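Structure data follow from start12.cif (mmCIF, C-alpha atoms):
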data_structure
#
loop_
_atom_site.label_atom_id
_atom_site.label_comp_id
_atom_site.auth_asym_id
_atom_site.auth_seq_id
_atom_site.Cartn_x
_atom_site.Cartn_y
_atom_site.Cartn_z
CA MET A 5 93.12 52.03 66.09
CA GLU A 6 90.63 53.10 63.40
CA THR A 7 89.69 56.77 63.42
CA LYS A 8 86.59 58.47 62.08
CA LYS A 9 88.64 60.07 59.37
CA SER A 10 90.25 56.82 58.29
CA ALA A 11 86.83 55.17 58.12
CA ARG A 12 85.27 57.66 55.72
CA LYS A 13 84.83 56.83 52.04
CA VAL A 14 87.66 58.27 50.01
CA ASP A 15 86.73 59.64 46.58
CA THR A 16 89.35 58.14 44.27
CA GLY A 17 88.06 60.05 41.25
CA VAL A 18 88.68 63.59 42.45
CA VAL A 19 92.16 64.19 41.13
CA GLY A 20 92.73 61.65 38.38
CA SER A 21 94.35 58.26 38.56
CA ASP A 22 97.77 59.00 40.09
CA LEU A 23 97.99 57.41 43.51
CA SER A 24 100.28 60.14 44.84
CA GLU A 25 97.80 62.87 43.91
CA GLN A 26 94.92 60.89 45.37
CA ILE A 27 96.79 60.52 48.67
CA LYS A 28 97.49 64.23 48.72
CA GLU A 29 93.83 64.99 48.17
CA ALA A 30 92.60 62.39 50.67
CA THR A 31 94.82 63.77 53.46
CA LYS A 32 94.21 67.47 52.77
CA GLU A 33 92.02 68.02 55.84
CA ASN A 34 94.51 66.20 58.06
CA HIS A 35 97.28 68.42 56.75
CA VAL A 36 95.37 71.62 57.50
CA ARG A 37 94.66 70.49 61.06
CA ALA A 38 98.29 69.62 61.72
CA GLU A 39 99.49 72.88 60.18
CA ASN A 40 97.34 74.96 62.52
CA THR A 41 98.14 73.27 65.80
CA GLU A 42 99.78 75.28 68.55
CA LEU A 43 102.85 73.06 68.29
CA MET A 44 103.22 73.57 64.56
CA LEU A 45 102.90 77.33 64.92
CA SER A 46 105.35 77.24 67.82
CA TYR A 47 107.90 75.39 65.71
CA GLN A 48 107.52 77.88 62.88
CA ARG A 49 108.37 80.61 65.37
CA GLY A 50 111.59 78.76 66.21
CA GLN A 51 110.57 77.82 69.74
CA VAL A 52 111.72 74.19 69.78
CA LYS A 53 113.19 73.09 73.13
CA LEU A 54 115.87 70.45 73.57
CA PRO A 55 113.83 68.33 76.01
CA GLN A 56 111.02 68.21 73.43
CA TYR A 57 113.33 67.33 70.59
CA LYS A 58 114.88 64.42 72.49
CA LEU A 59 111.54 62.86 73.32
CA LEU A 60 110.38 63.10 69.74
CA LEU A 61 113.54 61.35 68.54
CA CYS A 62 112.63 58.43 70.81
CA SER A 63 109.21 58.02 69.17
CA LEU A 64 110.58 58.50 65.67
CA HIS A 65 113.15 55.80 66.38
CA GLU A 66 110.46 53.31 67.38
CA ILE A 67 108.27 54.17 64.38
CA TYR A 68 111.06 53.92 61.81
CA LYS A 69 112.49 50.78 63.39
CA VAL A 70 109.24 48.94 62.79
CA LEU A 71 108.46 50.56 59.43
CA GLU A 72 111.86 49.67 58.02
CA GLU A 73 111.76 46.14 59.42
CA GLU A 74 108.41 45.56 57.72
CA LEU A 75 109.60 47.09 54.45
CA ASP A 76 112.67 44.83 54.56
CA LYS A 77 110.52 41.75 55.17
CA ASN A 78 108.22 42.64 52.29
CA CYS A 79 110.76 44.12 49.88
CA SER A 80 109.85 41.60 47.15
CA HIS A 81 106.10 42.22 47.43
CA PRO A 82 104.80 43.64 44.12
CA ALA A 83 103.44 46.77 45.82
CA VAL A 84 106.49 47.36 48.01
CA ALA A 85 109.37 46.55 45.66
CA PRO A 86 108.89 49.61 43.39
CA ILE A 87 109.19 52.05 46.34
CA TYR A 88 111.84 50.18 48.32
CA PHE A 89 114.86 52.51 48.58
CA PRO A 90 116.73 51.57 51.78
CA GLN A 91 120.06 53.13 50.77
CA GLU A 92 118.46 56.44 49.91
CA LEU A 93 115.71 56.75 52.51
CA ALA A 94 116.34 54.59 55.60
CA ARG A 95 116.28 56.73 58.78
CA LEU A 96 116.97 54.25 61.57
CA GLU A 97 120.76 54.53 61.59
CA TYR A 98 120.58 58.33 61.59
CA LEU A 99 118.07 58.42 64.43
CA GLU A 100 120.32 56.12 66.47
CA ASN A 101 123.25 58.48 65.87
CA ASP A 102 121.16 61.43 67.07
CA LEU A 103 119.96 59.58 70.16
CA GLU A 104 123.50 58.58 71.06
CA TYR A 105 124.65 62.16 70.65
CA PHE A 106 122.01 63.52 73.03
CA LEU A 107 121.54 60.61 75.45
CA GLY A 108 124.95 58.93 75.46
CA PRO A 109 126.11 55.39 74.53
CA ASP A 110 123.51 53.80 76.82
CA TRP A 111 120.64 55.60 75.11
CA ARG A 112 118.65 52.39 74.47
CA GLY A 113 117.92 52.11 78.18
CA LYS A 114 116.61 55.67 78.31
CA VAL A 115 114.04 55.56 75.51
CA ILE A 116 110.51 56.45 76.60
CA VAL A 117 107.57 56.52 74.18
CA PRO A 118 103.85 57.17 74.76
CA ALA A 119 100.99 54.74 74.16
CA ALA A 120 100.17 56.33 70.79
CA THR A 121 103.60 55.37 69.49
CA HIS A 122 102.97 51.75 70.44
CA ARG A 123 99.60 51.83 68.67
CA TYR A 124 101.29 53.20 65.55
CA THR A 125 103.96 50.50 65.52
CA GLN A 126 101.40 47.77 66.22
CA ARG A 127 99.48 48.87 63.14
CA LEU A 128 102.66 48.73 61.05
CA ARG A 129 103.33 45.19 62.28
CA GLU A 130 99.76 44.18 61.49
CA ILE A 131 99.71 45.40 57.91
CA GLY A 132 103.24 44.16 57.27
CA LYS A 133 102.00 40.68 58.08
CA LYS A 134 98.51 40.79 56.54
CA ASN A 135 98.37 43.59 53.95
CA PRO A 136 101.87 44.67 52.85
CA GLU A 137 100.47 46.90 50.10
CA LEU A 138 99.26 49.28 52.82
CA LEU A 139 102.88 49.96 53.80
CA VAL A 140 102.99 52.12 50.67
CA ALA A 141 100.82 54.73 52.41
CA HIS A 142 103.06 54.93 55.48
CA ALA A 143 106.30 54.96 53.52
CA TYR A 144 105.05 57.73 51.25
CA THR A 145 103.68 60.02 53.96
CA ARG A 146 106.72 59.55 56.21
CA TYR A 147 109.69 59.45 53.86
CA LEU A 148 108.62 62.04 51.32
CA GLY A 149 107.39 64.34 54.08
CA ASP A 150 110.76 64.08 55.80
CA LEU A 151 112.64 64.47 52.54
CA SER A 152 110.61 67.54 51.55
CA GLY A 153 111.02 69.43 54.80
CA GLY A 154 114.22 67.89 56.11
CA GLN A 155 116.93 70.42 55.33
CA VAL A 156 114.79 73.45 56.21
CA LEU A 157 113.66 71.86 59.47
CA GLY A 158 117.21 70.84 60.26
CA LYS A 159 118.35 74.45 59.99
CA ILE A 160 115.46 75.70 62.13
CA THR A 161 116.20 73.07 64.77
CA GLN A 162 119.92 73.85 64.72
CA LYS A 163 119.22 77.54 65.28
CA SER A 164 116.54 76.97 67.93
CA LEU A 165 118.72 74.58 69.93
CA LYS A 166 121.89 76.61 69.32
CA LEU A 167 123.78 73.60 67.98
CA SER A 168 127.19 74.44 66.54
CA GLY A 169 127.19 71.78 63.80
CA ASN A 170 125.06 69.04 62.32
CA GLU A 171 125.59 66.60 65.18
CA GLY A 172 122.26 65.55 66.61
CA LEU A 173 120.51 66.50 63.36
CA SER A 174 121.27 63.42 61.22
CA PHE A 175 117.58 62.58 60.88
CA PHE A 176 116.98 65.60 58.67
CA PHE A 177 119.65 64.81 56.07
CA PHE A 178 119.61 62.28 53.22
CA PRO A 179 123.19 61.78 51.99
CA GLY A 180 122.03 59.11 49.53
CA VAL A 181 119.78 61.60 47.73
CA SER A 182 121.69 64.12 45.62
CA SER A 183 118.58 65.91 44.34
CA PRO A 184 115.47 65.69 46.54
CA ASN A 185 113.20 67.05 43.79
CA ARG A 186 114.37 64.53 41.18
CA PHE A 187 114.19 61.70 43.68
CA LYS A 188 110.64 62.63 44.67
CA GLN A 189 109.67 62.56 41.00
CA LEU A 190 111.18 59.09 40.67
CA TYR A 191 109.46 57.89 43.83
CA ARG A 192 106.06 59.21 42.75
CA SER A 193 106.39 57.66 39.29
CA ARG A 194 107.31 54.30 40.83
CA MET A 195 104.40 54.50 43.27
CA ASN A 196 101.92 55.58 40.62
CA ALA A 197 102.89 52.56 38.51
CA ILE A 198 102.01 50.05 41.26
CA GLU A 199 99.16 47.82 40.10
CA LEU A 200 96.32 47.84 42.62
CA THR A 201 92.73 46.69 42.44
CA GLU A 202 90.04 49.29 43.11
CA ASP A 203 89.56 47.90 46.63
CA GLU A 204 93.31 47.91 47.30
CA ARG A 205 93.64 51.50 46.11
CA GLU A 206 90.77 52.57 48.35
CA ALA A 207 92.43 50.79 51.28
CA VAL A 208 95.76 52.54 50.60
CA LEU A 209 94.06 55.94 50.59
CA LYS A 210 92.31 55.20 53.88
CA GLU A 211 95.61 54.00 55.33
CA ALA A 212 97.29 57.27 54.32
CA VAL A 213 94.63 59.18 56.26
CA GLN A 214 95.14 56.86 59.21
CA ALA A 215 98.93 57.34 59.01
CA PHE A 216 98.37 61.07 59.43
CA GLU A 217 96.05 60.42 62.37
CA PHE A 218 98.58 58.13 64.03
CA ASN A 219 101.21 60.85 63.80
CA THR A 220 98.85 63.44 65.27
CA GLU A 221 97.99 61.09 68.14
CA VAL A 222 101.70 60.61 68.86
CA PHE A 223 102.17 64.39 69.04
CA ASP A 224 99.19 64.73 71.38
CA ASP A 225 100.46 61.99 73.68
CA LEU A 226 103.93 63.50 73.80
CA GLN A 227 102.40 66.87 74.64
CA LYS A 228 100.41 65.35 77.51
CA LEU A 229 103.49 63.53 78.79
CA LEU A 230 105.51 66.72 78.86
CA CYS A 231 102.70 68.76 80.42
CA VAL A 232 102.24 66.25 83.25
CA ALA A 233 105.97 66.22 83.92
CA THR A 234 106.11 70.02 83.92
CA GLU A 235 103.13 70.42 86.27
CA GLN A 236 104.44 67.86 88.72
CA SER A 237 107.84 69.51 88.56
CA LYS A 238 106.27 72.80 89.65
CA SER A 239 104.56 71.15 92.62
CA SER A 240 107.57 69.17 93.85
CA SER A 241 109.78 71.97 95.20
CA GLY A 242 111.76 72.18 92.00
CA HIS A 243 112.59 68.49 91.85
CA PHE A 244 111.77 66.94 88.51
CA PRO A 245 109.47 63.96 89.29
CA PHE A 246 110.50 61.88 86.28
CA PRO A 247 114.30 61.91 86.03
CA GLN A 248 114.14 59.87 82.80
CA LEU A 249 112.04 62.54 81.13
CA LYS A 250 114.35 65.27 82.35
CA HIS A 251 117.14 63.69 80.33
CA ILE A 252 115.21 62.23 77.41
CA THR A 253 112.33 64.52 76.57
CA VAL A 254 111.81 65.49 72.86
CA GLY A 255 110.08 68.02 70.58
CA LEU A 256 106.87 67.06 68.96
CA CYS A 257 106.91 70.14 66.83
CA VAL A 258 109.56 68.71 64.54
CA THR A 259 107.38 65.90 63.28
CA LEU A 260 104.32 68.09 63.09
CA ALA A 261 106.39 70.41 60.96
CA THR A 262 107.70 67.49 58.91
CA VAL A 263 104.17 66.37 58.18
CA GLY A 264 102.79 69.88 57.77
CA MET A 265 105.60 71.40 55.75
CA GLY A 266 106.60 68.27 53.92
CA MET A 267 103.28 66.79 52.84
CA TYR A 268 102.34 69.52 50.41
CA ALA A 269 105.76 69.51 48.82
CA LEU A 270 105.45 65.76 48.05
#

Represent the supplied structure as structure tokens.
Amino acid sequence: METKKSARKVDTGVVGSDLSEQIKEATKENHVRAENTELMLSYQRGQVKLPQYKLLLCSLHEIYKVLEEELDKNCSHPAVAPIYFPQELARLEYLENDLEYFLGPDWRGKVIVPAATHRYTQRLREIGKKNPELLVAHAYTRYLGDLSGGQVLGKITQKSLKLSGNEGLSFFFFPGVSSPNRFKQLYRSRMNAIELTEDEREAVLKEAVQAFEFNTEVFDDLQKLLCVATEQSKSSSGHFPFPQLKHITVGLCVTLATVGMGMYAL
């Protein structure tokens, strides 16, 4: 799903030749919008709810499942190989641990995701098959955003949800990365060294903008899903109309915060 923002011409000469800096510049407006959403501000105030957090984990699981499958398939591609760090960055196993903690051993049968999540994963499948170099944009915005904000967000979530330990918070921690700052420097240097034509570089910058838009659309869809469930709950004599959502719902604010807080620390 192409957005107006992702369709605009990206000025690749604004901040020099480093791809990482160009992505940061190209997505600046998207970052500001995400940072000033009601959900982002709510998260910063420590108002994350457990039902929200669970539902977000479901969407993150689907997104990372597809992203990491496509990175694995294309790990020898010249644009993907330099930024392929499965041992250090892969999130799927940690998300599965968190989902099992909150939803139980049969969690796979309880996962619910909105249409925007499916659109996001369909795009990842498409570029993995046709234009693997565009995976660079999604890997960079997701992994380095998560790595930048992970530990801080983990602590905020732990406090908000009154969790006694780190169980249920695996997503936020990167045991394979001893120094996030040094690793981010390595990652950026590897990414900046990828050889791209002018057209390919322009396409990667547009894809980074679209990656941000996909994430925002996921948050919006999750918000709508939760609002509908809440309203119908109020009008059904206290009976929750969607029992699955009552047990699986998740917090959009975490990812908004990951994108908002993490992106400018990349």

As a check of understanding, name the residues that the PyMOL selection byres ((chain A and resi 88-90) around 12) selects in the supplied structure, as a ChimeraX atom specification. /A:68,71-87,91-97,137,139-140,143-144,147-148,178,180-181,187-188,190-191,194-195

Please, could you write that set of residues out with C-alpha atoms as a short mmCIF file (atom, residue, chain, number, x, y, z; two decimals), keeping the file's coordinate frame?
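Output below, filename again.cif:
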data_model
loop_
_atom_site.label_atom_id
_atom_site.label_comp_id
_atom_site.auth_asym_id
_atom_site.auth_seq_id
_atom_site.Cartn_x
_atom_site.Cartn_y
_atom_site.Cartn_z
CA TYR A 68 111.06 53.92 61.81
CA LEU A 71 108.46 50.56 59.43
CA GLU A 72 111.86 49.67 58.02
CA GLU A 73 111.76 46.14 59.42
CA GLU A 74 108.41 45.56 57.72
CA LEU A 75 109.60 47.09 54.45
CA ASP A 76 112.67 44.83 54.56
CA LYS A 77 110.52 41.75 55.17
CA ASN A 78 108.22 42.64 52.29
CA CYS A 79 110.76 44.12 49.88
CA SER A 80 109.85 41.60 47.15
CA HIS A 81 106.10 42.22 47.43
CA PRO A 82 104.80 43.64 44.12
CA ALA A 83 103.44 46.77 45.82
CA VAL A 84 106.49 47.36 48.01
CA ALA A 85 109.37 46.55 45.66
CA PRO A 86 108.89 49.61 43.39
CA ILE A 87 109.19 52.05 46.34
CA GLN A 91 120.06 53.13 50.77
CA GLU A 92 118.46 56.44 49.91
CA LEU A 93 115.71 56.75 52.51
CA ALA A 94 116.34 54.59 55.60
CA ARG A 95 116.28 56.73 58.78
CA LEU A 96 116.97 54.25 61.57
CA GLU A 97 120.76 54.53 61.59
CA GLU A 137 100.47 46.90 50.10
CA LEU A 139 102.88 49.96 53.80
CA VAL A 140 102.99 52.12 50.67
CA ALA A 143 106.30 54.96 53.52
CA TYR A 144 105.05 57.73 51.25
CA TYR A 147 109.69 59.45 53.86
CA LEU A 148 108.62 62.04 51.32
CA PHE A 178 119.61 62.28 53.22
CA GLY A 180 122.03 59.11 49.53
CA VAL A 181 119.78 61.60 47.73
CA PHE A 187 114.19 61.70 43.68
CA LYS A 188 110.64 62.63 44.67
CA LEU A 190 111.18 59.09 40.67
CA TYR A 191 109.46 57.89 43.83
CA ARG A 194 107.31 54.30 40.83
CA MET A 195 104.40 54.50 43.27
#

Residues matched by the PyMOL selection byres ((chain A and resi 22-30) around 6), written as a ChimeraX atom specification: /A:20-21,31-32,196,209

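Rounded to one decimal, CA of Phe106 in chain A and CA of Gly172 in chain A lie 6.7 Å from each other.
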
Selection under test: the PyMOL selection byres ((chain A and resi 117) around 12); residues as an mmCIF file with C-alpha atoms, keeping the file's coordinate frame:
data_model
loop_
_atom_site.group_PDB
_atom_site.id
_atom_site.type_symbol
_atom_site.label_atom_id
_atom_site.label_comp_id
_atom_site.auth_asym_id
_atom_site.auth_seq_id
_atom_site.Cartn_x
_atom_site.Cartn_y
_atom_site.Cartn_z
ATOM 1 C CA LYS A 58 114.880 64.420 72.490
ATOM 2 C CA LEU A 59 111.540 62.860 73.320
ATOM 3 C CA LEU A 60 110.380 63.100 69.740
ATOM 4 C CA LEU A 61 113.540 61.350 68.540
ATOM 5 C CA CYS A 62 112.630 58.430 70.810
ATOM 6 C CA SER A 63 109.210 58.020 69.170
ATOM 7 C CA LEU A 64 110.580 58.500 65.670
ATOM 8 C CA HIS A 65 113.150 55.800 66.380
ATOM 9 C CA GLU A 66 110.460 53.310 67.380
ATOM 10 C CA ILE A 67 108.270 54.170 64.380
ATOM 11 C CA ARG A 112 118.650 52.390 74.470
ATOM 12 C CA GLY A 113 117.920 52.110 78.180
ATOM 13 C CA LYS A 114 116.610 55.670 78.310
ATOM 14 C CA VAL A 115 114.040 55.560 75.510
ATOM 15 C CA ILE A 116 110.510 56.450 76.600
ATOM 16 C CA PRO A 118 103.850 57.170 74.760
ATOM 17 C CA ALA A 119 100.990 54.740 74.160
ATOM 18 C CA ALA A 120 100.170 56.330 70.790
ATOM 19 C CA THR A 121 103.600 55.370 69.490
ATOM 20 C CA HIS A 122 102.970 51.750 70.440
ATOM 21 C CA ARG A 123 99.600 51.830 68.670
ATOM 22 C CA TYR A 124 101.290 53.200 65.550
ATOM 23 C CA THR A 125 103.960 50.500 65.520
ATOM 24 C CA VAL A 222 101.700 60.610 68.860
ATOM 25 C CA PHE A 223 102.170 64.390 69.040
ATOM 26 C CA ASP A 225 100.460 61.990 73.680
ATOM 27 C CA LEU A 226 103.930 63.500 73.800
ATOM 28 C CA GLN A 227 102.400 66.870 74.640
ATOM 29 C CA LYS A 228 100.410 65.350 77.510
ATOM 30 C CA LEU A 229 103.490 63.530 78.790
ATOM 31 C CA LEU A 230 105.510 66.720 78.860
ATOM 32 C CA GLN A 248 114.140 59.870 82.800
ATOM 33 C CA LEU A 249 112.040 62.540 81.130
ATOM 34 C CA ILE A 252 115.210 62.230 77.410
ATOM 35 C CA THR A 253 112.330 64.520 76.570
ATOM 36 C CA VAL A 254 111.810 65.490 72.860
ATOM 37 C CA LEU A 256 106.870 67.060 68.960
#

Compile the contact shell of Tyr105 in chain A as a short mmCIF file (atom, residue, chain, number, x, y, z; two decimals) with C-alpha atoms, in the frame of the given file: residues with an atom at most 10 Å away, counting only C-alpha atoms, same-chain residues fewer than 6 positions apart removed.
data_model
loop_
_atom_site.label_atom_id
_atom_site.label_comp_id
_atom_site.auth_asym_id
_atom_site.auth_seq_id
_atom_site.Cartn_x
_atom_site.Cartn_y
_atom_site.Cartn_z
CA LEU A 99 118.07 58.42 64.43
CA TRP A 111 120.64 55.60 75.11
CA GLU A 171 125.59 66.60 65.18
CA GLY A 172 122.26 65.55 66.61
CA LEU A 173 120.51 66.50 63.36
#

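The set of protein, DNA and RNA residues with any counted atom at most 10 Å from (116.5, 71.6, 73.9) (only C-alpha atoms) reads Gln51, Val52, Lys53, Leu54, Pro55, Gln56, Tyr57, Lys58, Phe106, Thr161, Ser164, Leu165, Lys166, Leu167, Thr253, Val254 and Gly255 of chain A.
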
How many Å separate CA of Ala197 in chain A from CA of Glu130 in chain A? 24.7 Å

How far is it from CA of Asp150 in chain A to CA of Glu104 in chain A, in Å with one decimal?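 Computing it gives 20.6 Å between the two atoms.
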
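With all atoms listed in the file as the atoms that count, the residue of A:Asn219, A:Asn135, A:Ser183, A:Gln214 with the shortest distance to Ser152 in chain A is A:Ser183.
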